[in-house]
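A short write-up of the structure that comes next.
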Amino acid sequence: MKALVKSAPGPGLDLLEVPTPEPATGEVRIRVLRTGICGTDLHIDSWDPWAQATIHTPQVIGHEIAGLVDALGPGVEGLTLGELVSVEGHIVCGRCRNCRAGRRQLCPNTVGVGVNRDGGFAEFVVVPATNVWQQPADLDPDVAAIFDPFGNAVHSALAFPVLGEDVLVTGAGPIGLMAAAVVRHAGARNVVITDVSRPRLELAERMGHVTRAVDVATESLTAVVAGLGMREGFDVALEMSGAPAALQSMITAMAHGGRIALLGLPTGELPFDWVRVVTSMLTIRGIYGREMYETWYAMSVLIQAGLDISEVITHRYAAADFRAAFTAAQSGHTGKVVLDWTQL
Ligand code: ZN
């Protein structure tokens, strides 16, 4: 089969012929239809310090996967050959305290598909059957492929109650855009999203879920808050950018007792105003991955209830054109970029 491989330390990826994987006991082989490009994949492609410390070559990468069940390993039940599935990219140990308590997203022994074992930028991928999420046959495979980042968005957006609350989302990348859609759907009053990318802010406006899409390079958040008639600041905030300036302005824009979910990963030291955190009595919660599988259940019922996230996918490429796809995703001006593995 063909697969995108980090074949040796250094920048770049290679589309190579590699052996088709066989499912072991408890595993499933999936014929991949679509794979989304994640920020993680960009780090691996560019070979930044995180990738250098994490990836052992050769490695097939990619973890935002939709495909059809192709083969079942021994002992797998409840799945049908040919059915559409998405993949949860975090494989947990099942033995630690958190796993045994049902808090699997908190497992300290997580193995990442496409990071620590072969991934889904490939014609076929093998994962544990427990990491497969069955999808309705009529779901757009492009949408099925982005359930992993959609799950990050839903997990963050539902970390705190948002009904009637004013919500700030910093970062209008795909996860921020989807999180804004979810908090709107969940009954937030004002939803303000910020970024410094005009195309991403325009996409936020086109998707229609936000009250204001704010370019913080040219407009102050304080002025926006005043313009919306908000007297005490934001009740809930979702940090999706990893930008130090975003977190700092967020902390000063929160109402007393405000609650912050942090998903964006900062790349270096992150100085911010702890005094303000204390005196504003803020709650800050780190979010990583998705709840297995309560977030997945929420995603499926949100889609069934009419939440449309398809507009967040702005670029589609044949897998053979992966370099153009990675260049587009790296630009910081796209929504979600998806590779089609039926076009090689
Ligand atoms: Zn565990």
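By order of appearance in the structure tokens: chains A, B, ..., then residues from 1 within every chain, and ligands from 1 in the order shown.
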
Give the residue list for ligand 1 at 9 Å, counting only C-alpha atoms and all ligand atoms, as a PyMOL selection string, sorted by chain and then by residue number. chain A and resi 91-100+103-110

Write the residues you've just listed into a file as a compact mmCIF listing (two decimals), in the first residue's frame, and include N, CA and C atoms for each of them.
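As written to disk, again-v9.txt reads:
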```txt
# COMPACT_ATOMS: atom_id res chain seq x y z
N ILE A 91 -4.72 5.77 22.07
CA ILE A 91 -4.89 4.40 22.55
C ILE A 91 -4.44 4.37 24.00
N VAL A 92 -5.35 4.01 24.90
CA VAL A 92 -5.06 4.10 26.34
C VAL A 92 -4.74 2.72 26.89
N CYS A 93 -4.18 2.69 28.11
CA CYS A 93 -3.62 1.43 28.61
C CYS A 93 -4.67 0.49 29.18
N GLY A 94 -5.78 1.05 29.71
CA GLY A 94 -6.82 0.20 30.28
C GLY A 94 -6.51 -0.33 31.66
N ARG A 95 -5.32 -0.03 32.21
CA ARG A 95 -4.89 -0.62 33.48
C ARG A 95 -4.63 0.42 34.57
N CYS A 96 -4.38 1.69 34.17
CA CYS A 96 -4.03 2.70 35.18
C CYS A 96 -5.28 3.09 35.99
N ARG A 97 -5.09 3.87 37.04
CA ARG A 97 -6.21 4.27 37.89
C ARG A 97 -7.29 4.99 37.10
N ASN A 98 -6.88 5.96 36.25
CA ASN A 98 -7.88 6.73 35.50
C ASN A 98 -8.63 5.86 34.50
N CYS A 99 -7.91 5.01 33.78
CA CYS A 99 -8.60 4.13 32.83
C CYS A 99 -9.63 3.27 33.56
N ARG A 100 -9.21 2.69 34.70
CA ARG A 100 -10.12 1.76 35.40
C ARG A 100 -11.28 2.49 36.04
N ARG A 103 -12.07 7.22 33.28
CA ARG A 103 -11.58 8.54 32.85
C ARG A 103 -10.41 8.33 31.88
N ARG A 104 -10.73 7.71 30.75
CA ARG A 104 -9.65 7.24 29.88
C ARG A 104 -8.88 8.37 29.22
N GLN A 105 -9.54 9.55 29.07
CA GLN A 105 -8.80 10.68 28.46
C GLN A 105 -7.66 11.14 29.37
N LEU A 106 -7.66 10.70 30.65
CA LEU A 106 -6.61 11.10 31.59
C LEU A 106 -5.52 10.04 31.73
N CYS A 107 -5.54 9.03 30.90
CA CYS A 107 -4.53 7.96 30.98
C CYS A 107 -3.12 8.54 30.79
N PRO A 108 -2.19 8.23 31.69
CA PRO A 108 -0.83 8.74 31.52
C PRO A 108 0.02 7.90 30.56
N ASN A 109 -0.54 6.79 30.07
CA ASN A 109 0.24 5.88 29.21
C ASN A 109 -0.26 5.88 27.77
N THR A 110 -0.86 7.01 27.34
CA THR A 110 -1.49 7.07 26.02
C THR A 110 -0.48 6.89 24.90
```

Select from stretch 51-123 of chain A everything DSSP, run on the backbone, classes as strand (DSSP E), then give the selection as a PyMOL selection string. chain A and resi 59-60+64-72+84-87+90-91+111-112

Selected residues, all heavy atoms, written as a compact mmCIF listing (two decimals), in the first residue's frame, please.
```txt
# COMPACT_ATOMS: atom_id res chain seq x y z
N GLN A 59 8.16 6.20 10.43
CA GLN A 59 6.83 6.24 11.04
C GLN A 59 5.82 6.72 10.01
O GLN A 59 6.00 7.79 9.42
CB GLN A 59 6.85 7.21 12.23
CG GLN A 59 5.55 7.28 13.01
CD GLN A 59 5.38 6.06 13.89
OE1 GLN A 59 6.03 5.91 14.90
NE2 GLN A 59 4.50 5.17 13.47
N VAL A 60 4.75 5.93 9.81
CA VAL A 60 3.60 6.40 9.04
C VAL A 60 2.81 7.32 9.96
O VAL A 60 2.50 6.94 11.09
CB VAL A 60 2.70 5.22 8.58
CG1 VAL A 60 1.49 5.75 7.81
CG2 VAL A 60 3.51 4.25 7.73
N GLU A 64 -6.24 11.73 11.98
CA GLU A 64 -7.65 12.16 11.82
C GLU A 64 -8.23 11.35 10.68
O GLU A 64 -8.16 11.74 9.52
CB GLU A 64 -7.70 13.67 11.54
CG GLU A 64 -7.10 14.49 12.67
CD GLU A 64 -7.18 15.99 12.40
OE1 GLU A 64 -7.63 16.41 11.32
OE2 GLU A 64 -6.79 16.75 13.31
N ILE A 65 -8.83 10.20 11.03
CA ILE A 65 -9.07 9.14 10.04
C ILE A 65 -10.55 8.81 9.91
O ILE A 65 -11.24 8.61 10.90
CB ILE A 65 -8.32 7.86 10.47
CG1 ILE A 65 -6.82 8.15 10.62
CG2 ILE A 65 -8.58 6.72 9.48
CD1 ILE A 65 -6.08 7.10 11.44
N ALA A 66 -11.01 8.71 8.64
CA ALA A 66 -12.30 8.08 8.34
C ALA A 66 -12.06 7.02 7.28
O ALA A 66 -11.26 7.22 6.37
CB ALA A 66 -13.30 9.10 7.83
N GLY A 67 -12.77 5.92 7.43
CA GLY A 67 -12.59 4.86 6.44
C GLY A 67 -13.63 3.77 6.62
O GLY A 67 -14.57 3.90 7.41
N LEU A 68 -13.44 2.67 5.86
CA LEU A 68 -14.36 1.55 5.88
C LEU A 68 -13.69 0.36 6.54
O LEU A 68 -12.51 0.08 6.27
CB LEU A 68 -14.78 1.18 4.45
CG LEU A 68 -15.37 2.33 3.62
CD1 LEU A 68 -15.65 1.86 2.19
CD2 LEU A 68 -16.64 2.88 4.26
N VAL A 69 -14.43 -0.34 7.40
CA VAL A 69 -13.88 -1.53 8.05
C VAL A 69 -13.52 -2.55 6.97
O VAL A 69 -14.35 -2.91 6.13
CB VAL A 69 -14.90 -2.13 9.05
CG1 VAL A 69 -14.39 -3.46 9.60
CG2 VAL A 69 -15.17 -1.14 10.17
N ASP A 70 -12.26 -2.98 6.97
CA ASP A 70 -11.74 -3.80 5.87
C ASP A 70 -11.43 -5.23 6.32
O ASP A 70 -11.56 -6.17 5.54
CB ASP A 70 -10.47 -3.14 5.32
CG ASP A 70 -9.87 -3.89 4.17
OD1 ASP A 70 -10.51 -3.91 3.10
OD2 ASP A 70 -8.78 -4.49 4.34
N ALA A 71 -10.98 -5.41 7.57
CA ALA A 71 -10.68 -6.75 8.08
C ALA A 71 -10.71 -6.70 9.61
O ALA A 71 -10.35 -5.69 10.21
CB ALA A 71 -9.31 -7.21 7.60
N LEU A 72 -11.16 -7.82 10.21
CA LEU A 72 -11.25 -7.91 11.67
C LEU A 72 -10.22 -8.90 12.18
O LEU A 72 -10.11 -10.02 11.64
CB LEU A 72 -12.64 -8.36 12.10
CG LEU A 72 -13.83 -7.53 11.57
CD1 LEU A 72 -15.16 -8.15 12.06
CD2 LEU A 72 -13.73 -6.08 12.04
N LEU A 84 -18.78 2.49 7.66
CA LEU A 84 -18.02 3.72 7.82
C LEU A 84 -17.69 3.95 9.29
O LEU A 84 -18.57 3.87 10.14
CB LEU A 84 -18.84 4.91 7.28
CG LEU A 84 -18.19 6.30 7.39
CD1 LEU A 84 -16.94 6.40 6.51
CD2 LEU A 84 -19.19 7.39 7.02
N VAL A 85 -16.42 4.24 9.55
CA VAL A 85 -15.99 4.49 10.93
C VAL A 85 -15.02 5.67 10.97
O VAL A 85 -14.37 6.00 9.98
CB VAL A 85 -15.29 3.25 11.56
CG1 VAL A 85 -16.26 2.08 11.71
CG2 VAL A 85 -14.06 2.84 10.76
N SER A 86 -14.95 6.30 12.15
CA SER A 86 -13.89 7.25 12.46
C SER A 86 -12.99 6.60 13.51
O SER A 86 -13.37 5.60 14.13
CB SER A 86 -14.46 8.55 13.03
OG SER A 86 -15.32 9.17 12.11
N VAL A 87 -11.82 7.19 13.72
CA VAL A 87 -10.86 6.61 14.65
C VAL A 87 -10.54 7.61 15.78
O VAL A 87 -10.25 8.78 15.51
CB VAL A 87 -9.55 6.23 13.92
CG1 VAL A 87 -8.47 5.80 14.90
CG2 VAL A 87 -9.81 5.12 12.91
N HIS A 90 -6.16 8.29 20.29
CA HIS A 90 -5.43 8.01 21.53
C HIS A 90 -5.75 6.59 21.99
O HIS A 90 -6.89 6.27 22.28
CB HIS A 90 -5.82 9.02 22.62
CG HIS A 90 -5.27 10.40 22.39
ND1 HIS A 90 -5.67 11.50 23.10
CD2 HIS A 90 -4.35 10.85 21.51
CE1 HIS A 90 -5.01 12.57 22.67
NE2 HIS A 90 -4.21 12.21 21.70
N ILE A 91 -4.72 5.77 22.07
CA ILE A 91 -4.89 4.40 22.55
C ILE A 91 -4.44 4.37 24.00
O ILE A 91 -3.29 4.70 24.31
CB ILE A 91 -4.06 3.42 21.70
CG1 ILE A 91 -4.56 3.47 20.24
CG2 ILE A 91 -4.14 2.01 22.27
CD1 ILE A 91 -3.70 2.68 19.27
N VAL A 111 -0.87 6.07 23.91
CA VAL A 111 -0.08 5.90 22.68
C VAL A 111 -0.85 6.57 21.55
O VAL A 111 -2.06 6.38 21.42
CB VAL A 111 0.11 4.39 22.38
CG1 VAL A 111 0.70 4.19 20.99
CG2 VAL A 111 1.00 3.75 23.45
N GLY A 112 -0.17 7.39 20.74
CA GLY A 112 -0.84 8.14 19.69
C GLY A 112 -0.73 7.46 18.33
O GLY A 112 0.37 7.16 17.87
```

Work out how far apart atom CA of A:Glu294 and atom CA of A:Ala237 are and give it in Å to one decimal.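 The value is 21.6 Å.
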
What's around A:Ile260 at 8 Å? Count only C-alpha atoms, leave out sequence neighbours fewer than 3 positions away in its own chain, and write the answer as a list in words.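 Near A:Ile260, the qualifying residues are Val236, Ala237, Leu238, Glu239, Leu282, Thr283, Ile284 and Arg285 of chain A.
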
Which is closer to A:Gly82 than all the others in A:Leu168, A:Ile30, A:Val125, A:Leu13, using only C-alpha atoms?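 For A:Gly82, the nearest of the candidates is A:Ile30.
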
Point out the residue among A:Thr40, A:Gln52, A:Ser310, A:Gln304 with the least atom-to-atom distance to A:Gly114, counting only C-alpha atoms.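 For A:Gly114, the nearest of the given residues is A:Thr40.
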
Need the shell around stretch 179-193 of chain A: protein/DNA/RNA residues with any atom at most 8 Å away, counting only C-alpha atoms. Skip same-chain ones fewer than 4 positions apart. Format as a ChimeraX atom specification? /A:150,153-154,156-158,162-172,175,201,204,209-214,307,309

Please list as an MDAnalysis selection string every residue within 12 Å of stretch 328-330 of chain A, counting only C-alpha atoms and excluding residues in the same chain fewer than 4 positions away. chainID A and resid 36:46 173:174 313:317 321:324 334:339

When you look at A:Glu269 with a cut-off of 12 Å (counting only C-alpha atoms), what residues show up, excluding the ones that are within fewer than 4 positions of it in the same chain? I need them as a PyMOL selection string. chain A and resi 242-244+265

Residues near A:Asp14, anyone? I mean within 7 Å using only C-alpha atoms, not counting same-chain ones fewer than 2 positions away, as a PyMOL selection string. chain A and resi 4-7+12+16

Pick from A:Ala298, A:Val115, A:Ala226, A:Met240 nearest to A:Ala261, counting only C-alpha atoms: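 So, comparing all the options, the nearest one is A:Met240.
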
As a VMD selection string, please: every residue in stretch 84-246 of chain A that DSSP puts in alpha helix (DSSP H). chain A and resid 97 to 100 141 to 145 147 to 157 174 to 185 198 to 207 221 to 227 244 to 246

Pairwise distance for atom CA of A:Phe160 and atom CA of A:Pro141, rounded to one decimal in Å: 29.8 Å

Rounded to one decimal, what separation in Å do you get between atom CA of A:Glu83 and atom CA of A:Pro23?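 Those two atoms sit 16.5 Å apart.
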
Let me make sure I understand: among A:Ala255, A:Ala129, A:Ala8, A:Met250, which one has the smallest atom-to-atom distance to A:Thr25 if we use only C-alpha atoms?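 Among the listed residues, A:Ala129 lies closest to A:Thr25.
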